[in-house]
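File shown: coords26.txt. Contents: compact mmCIF, C-alpha atoms.
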```txt
# COMPACT_ATOMS: atom_id res chain seq x y z
CA MET A 1 -183.90 -101.83 37.90
CA LYS A 2 -183.80 -103.33 34.39
CA ARG A 3 -181.76 -100.40 33.09
CA SER A 4 -179.17 -100.66 35.83
CA MET A 5 -178.93 -104.44 35.31
CA ILE A 6 -178.45 -103.99 31.54
CA LEU A 7 -175.85 -101.26 32.12
CA PHE A 8 -174.02 -103.51 34.59
CA LEU A 9 -173.99 -106.41 32.10
CA MET A 10 -172.73 -104.15 29.31
CA LEU A 11 -169.89 -102.84 31.49
CA PHE A 12 -169.04 -106.38 32.57
CA CYS A 13 -168.87 -107.53 28.95
CA LEU A 14 -166.77 -104.54 27.87
CA ALA A 15 -164.32 -105.11 30.71
CA GLY A 16 -163.62 -108.59 29.34
CA LEU A 17 -162.79 -107.18 25.90
CA LYS A 18 -159.93 -104.89 26.92
CA PRO A 19 -157.09 -104.74 24.37
CA VAL A 20 -153.65 -105.99 25.27
CA ILE A 21 -151.33 -103.01 25.61
CA TYR A 22 -147.57 -103.34 25.90
CA ALA A 23 -145.29 -100.67 27.31
CA GLN A 24 -142.91 -100.94 24.36
CA SER A 25 -144.36 -102.25 21.13
CA LYS A 26 -141.88 -100.60 18.75
CA PRO A 27 -138.09 -100.79 18.48
CA ILE A 28 -136.16 -98.92 21.16
CA LEU A 29 -132.93 -97.01 20.76
CA TYR A 30 -130.56 -96.53 23.70
CA PHE A 31 -126.89 -95.87 24.44
CA CYS A 32 -123.92 -97.52 26.11
CA GLU A 33 -120.19 -96.93 26.42
CA LYS A 34 -119.40 -100.03 24.36
CA TYR A 35 -120.70 -103.43 23.33
CA ASP A 36 -118.74 -106.59 24.10
CA ALA A 37 -119.63 -109.96 22.53
CA ASP A 38 -119.20 -111.74 25.87
CA GLN A 39 -120.38 -109.14 28.37
CA GLY A 40 -122.99 -107.40 26.22
CA GLU A 41 -123.76 -103.73 26.80
CA ILE A 42 -121.34 -101.93 29.09
CA GLY A 43 -122.27 -98.64 30.74
CA ILE A 44 -125.89 -98.08 29.66
CA SER A 45 -127.13 -94.54 30.30
CA ASP A 46 -128.68 -91.49 28.68
CA ARG A 47 -126.02 -89.12 30.03
CA PHE A 48 -122.34 -89.39 29.08
CA THR A 49 -119.16 -87.35 28.96
CA LYS A 50 -117.79 -86.36 25.55
CA GLY A 51 -116.40 -89.22 23.48
CA TYR A 52 -117.25 -92.25 21.38
CA LEU A 53 -120.47 -94.10 22.18
CA THR A 54 -122.34 -97.17 21.00
CA ILE A 55 -125.96 -96.90 19.89
CA MET A 56 -128.15 -99.93 20.52
CA VAL A 57 -131.46 -100.84 18.82
CA ARG A 58 -133.65 -103.65 20.10
CA ALA A 59 -136.99 -104.88 18.71
CA ASP A 60 -139.36 -107.76 19.37
CA LYS A 61 -139.29 -108.85 15.73
CA ALA A 62 -136.97 -108.50 12.76
CA LEU A 63 -136.64 -104.91 11.60
CA GLY A 64 -136.66 -105.83 7.91
CA LEU A 65 -134.14 -103.14 7.06
CA LYS A 66 -131.05 -103.26 4.86
CA ASN A 67 -129.78 -99.70 4.48
CA VAL A 68 -130.20 -97.47 7.53
CA PHE A 69 -128.97 -94.14 8.83
CA ILE A 70 -128.14 -92.91 12.28
CA GLN A 71 -128.86 -89.19 12.41
CA LEU A 72 -127.86 -86.85 15.22
CA ASP A 73 -129.67 -83.56 15.78
CA LYS A 74 -128.24 -81.20 18.42
CA TYR A 75 -130.36 -78.82 20.48
CA ASN A 76 -129.62 -75.16 19.79
CA TRP A 77 -130.25 -73.01 22.88
CA ASN A 78 -130.41 -69.84 20.74
CA THR A 79 -133.26 -71.01 18.51
CA TYR A 80 -134.82 -73.48 21.00
CA LYS A 81 -134.85 -76.15 18.28
CA PHE A 82 -132.99 -79.32 17.37
CA GLU A 83 -130.77 -78.84 14.30
CA PHE A 84 -129.06 -81.38 12.06
CA TYR A 85 -125.60 -82.33 13.39
CA LYS A 86 -124.33 -85.58 11.74
CA LYS A 87 -125.59 -88.54 9.75
CA PHE A 88 -124.04 -92.00 9.27
CA ASN A 89 -124.93 -94.72 6.75
CA TYR A 90 -124.97 -98.43 7.70
CA THR A 91 -125.89 -101.71 6.02
CA VAL A 92 -127.63 -104.26 8.26
CA ASP A 93 -129.23 -107.68 7.86
CA PRO A 94 -133.05 -107.51 7.44
CA ASP A 95 -133.44 -110.39 9.95
CA MET A 96 -131.77 -108.43 12.74
CA LYS A 97 -133.77 -107.38 15.77
CA TYR A 98 -130.81 -106.46 17.99
CA ILE A 99 -128.21 -104.12 16.47
CA PHE A 100 -125.35 -102.04 17.78
CA PHE A 101 -123.76 -99.13 15.97
CA ALA A 102 -120.24 -98.33 17.12
CA LYS A 103 -117.08 -96.64 15.95
CA ASN A 104 -115.86 -98.22 12.72
CA ASP A 105 -114.25 -97.26 9.41
CA SER A 106 -117.35 -95.54 8.01
CA SER A 107 -118.42 -93.59 11.11
CA ASP A 108 -116.93 -92.40 14.32
CA LEU A 109 -120.06 -91.83 16.45
CA LEU A 110 -118.13 -89.19 18.30
CA PHE A 111 -120.19 -87.00 20.59
CA GLY A 112 -117.54 -84.31 20.83
CA GLU A 113 -119.57 -81.37 22.07
CA PRO A 114 -121.65 -81.06 25.24
CA GLY A 115 -125.39 -80.68 24.72
CA PHE A 116 -128.65 -82.50 24.16
CA TYR A 117 -128.93 -84.72 21.10
CA ARG A 118 -131.88 -86.37 19.43
CA VAL A 119 -130.70 -89.60 17.79
CA PHE A 120 -132.73 -91.29 15.05
CA LEU A 121 -132.62 -94.66 13.31
CA LEU A 122 -133.90 -93.92 9.81
CA ASN A 123 -134.71 -96.31 6.96
CA GLU A 124 -133.44 -95.80 3.40
CA ASN A 125 -136.36 -93.39 2.73
CA ASN A 126 -135.34 -91.26 5.73
CA GLU A 127 -138.41 -92.39 7.69
CA ASN A 128 -138.04 -92.59 11.45
CA ILE A 129 -137.89 -96.15 12.83
CA THR A 130 -137.03 -95.17 16.41
CA SER A 131 -135.34 -92.35 18.28
CA SER A 132 -134.07 -91.30 21.69
CA LEU A 133 -132.52 -88.38 23.54
CA ILE A 134 -129.07 -88.20 25.07
CA GLU A 135 -127.20 -85.61 27.11
CA ILE A 136 -123.46 -85.10 26.66
CA ILE A 137 -121.55 -83.29 29.41
CA GLU A 138 -117.93 -82.13 29.76
```

Kindly return the structure encoded in the file as C-alpha cells.
Amino acid sequence: MKRSMILFLMLFCLAGLKPVIYAQSKPILYFCEKYDADQGEIGISDRFTKGYLTIMVRADKALGLKNVFIQLDKYNWNTYKFEFYKKFNYTVDPDMKYIFFAKNDSSDLLFGEPGFYRVFLLNENNENITSSLIEIIE
C-alpha cells in the first residue's frame, strides 16, 4: 500500500511539472500570390501555378538578421533528391519578425517550372533559419 501511495504521489507531482510546448516555436515560412500593405497576404497556399510568388516569414520575436538568402531547391524525379535551383540575396532589418520577399530589382522569385520546391531562409553563414515545401503546377 505504501509503495502504491508513493508511486501515485510521484506521478501526481510529475504531472504538475509538464513543460509548456508550443506547436510553432520557430519562424515559419509560407507562400502567397502577393502582399498588399492594406489587405495583407493575398492567396495563401502551398500549391500554385507557374509565375511570380511572394515568400512570407513570420516569427514570435525579432529574427536578428541583416543579410539573408532565399534558396530554392527543386526535386529531381530522376535522382529522387532535391537539387539547387536558385538563390537570392536580401538585406533586412534585424528587428523584423514579419518579412515578405517579393519580385523586385534584385530577384524575380519566378517559379517558372512545374515541380516540388524546398525553399529556405538562410542567414549570412548559409545556416537554415526556416524552410517549407511548395508545389508548382502548369

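Minimum atom-to-atom distances from A:Lys103, A:Ile134, A:Ile70, A:Glu113 to A:Ile44 were compared using all atoms listed in the file, and the lowest value belongs to A:Ile134.
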
May I have the protein, DNA and RNA residues with an atom at most 6 Å from (-131.0, -82.0, 17.2), counting only C-alpha atoms in the file's coordinates, returned as an mmCIF file with C-alpha atoms, in the coordinates of the input?
```cif
data_model
loop_
_atom_site.group_PDB
_atom_site.id
_atom_site.type_symbol
_atom_site.label_atom_id
_atom_site.label_comp_id
_atom_site.auth_asym_id
_atom_site.auth_seq_id
_atom_site.Cartn_x
_atom_site.Cartn_y
_atom_site.Cartn_z
ATOM 1 C CA ASP A 73 -129.670 -83.560 15.780
ATOM 2 C CA LYS A 74 -128.240 -81.200 18.420
ATOM 3 C CA TYR A 75 -130.360 -78.820 20.480
ATOM 4 C CA PHE A 82 -132.990 -79.320 17.370
ATOM 5 C CA GLU A 83 -130.770 -78.840 14.300
ATOM 6 C CA PHE A 84 -129.060 -81.380 12.060
ATOM 7 C CA TYR A 117 -128.930 -84.720 21.100
ATOM 8 C CA ARG A 118 -131.880 -86.370 19.430
#
```

Next on the checklist: Residues near A:Lys34, anyone? I mean within 8 Å using all atoms listed in the file, not counting same-chain ones fewer than 5 positions away, as a ChimeraX atom specification.
Outcome noted: /A:41-43,53-54,102

Item to check | Two-atom distance - atom CA of A:Met56, atom CA of A:Cys32 (Å) | outcome: 7.4 Å

Checklist entry - Counting all atoms listed in the file, which of A:Thr91, A:Gln71, A:Asn78, A:Asn104 gets nearest to A:Leu122? => result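 That would be A:Gln71, the residue with the smallest distance to A:Leu122.
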
Item to check | Minimum-distance residue to A:Asn126, chosen among A:Gln39, A:Asn76, A:Asn67, A:Ser45 (using only C-alpha atoms) | outcome: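 With only C-alpha atoms as the atom set, the closest residue is A:Asn67.
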
Next on the checklist: Every residue with an atom at most 10 Å from (-118.0, -89.2, 29.0) (file coordinates; all atoms listed in the file) is what I'm after, so could you write them as a PyMOL selection string?
Outcome noted: chain A and resi 33+47-53+111-112+114+136-138
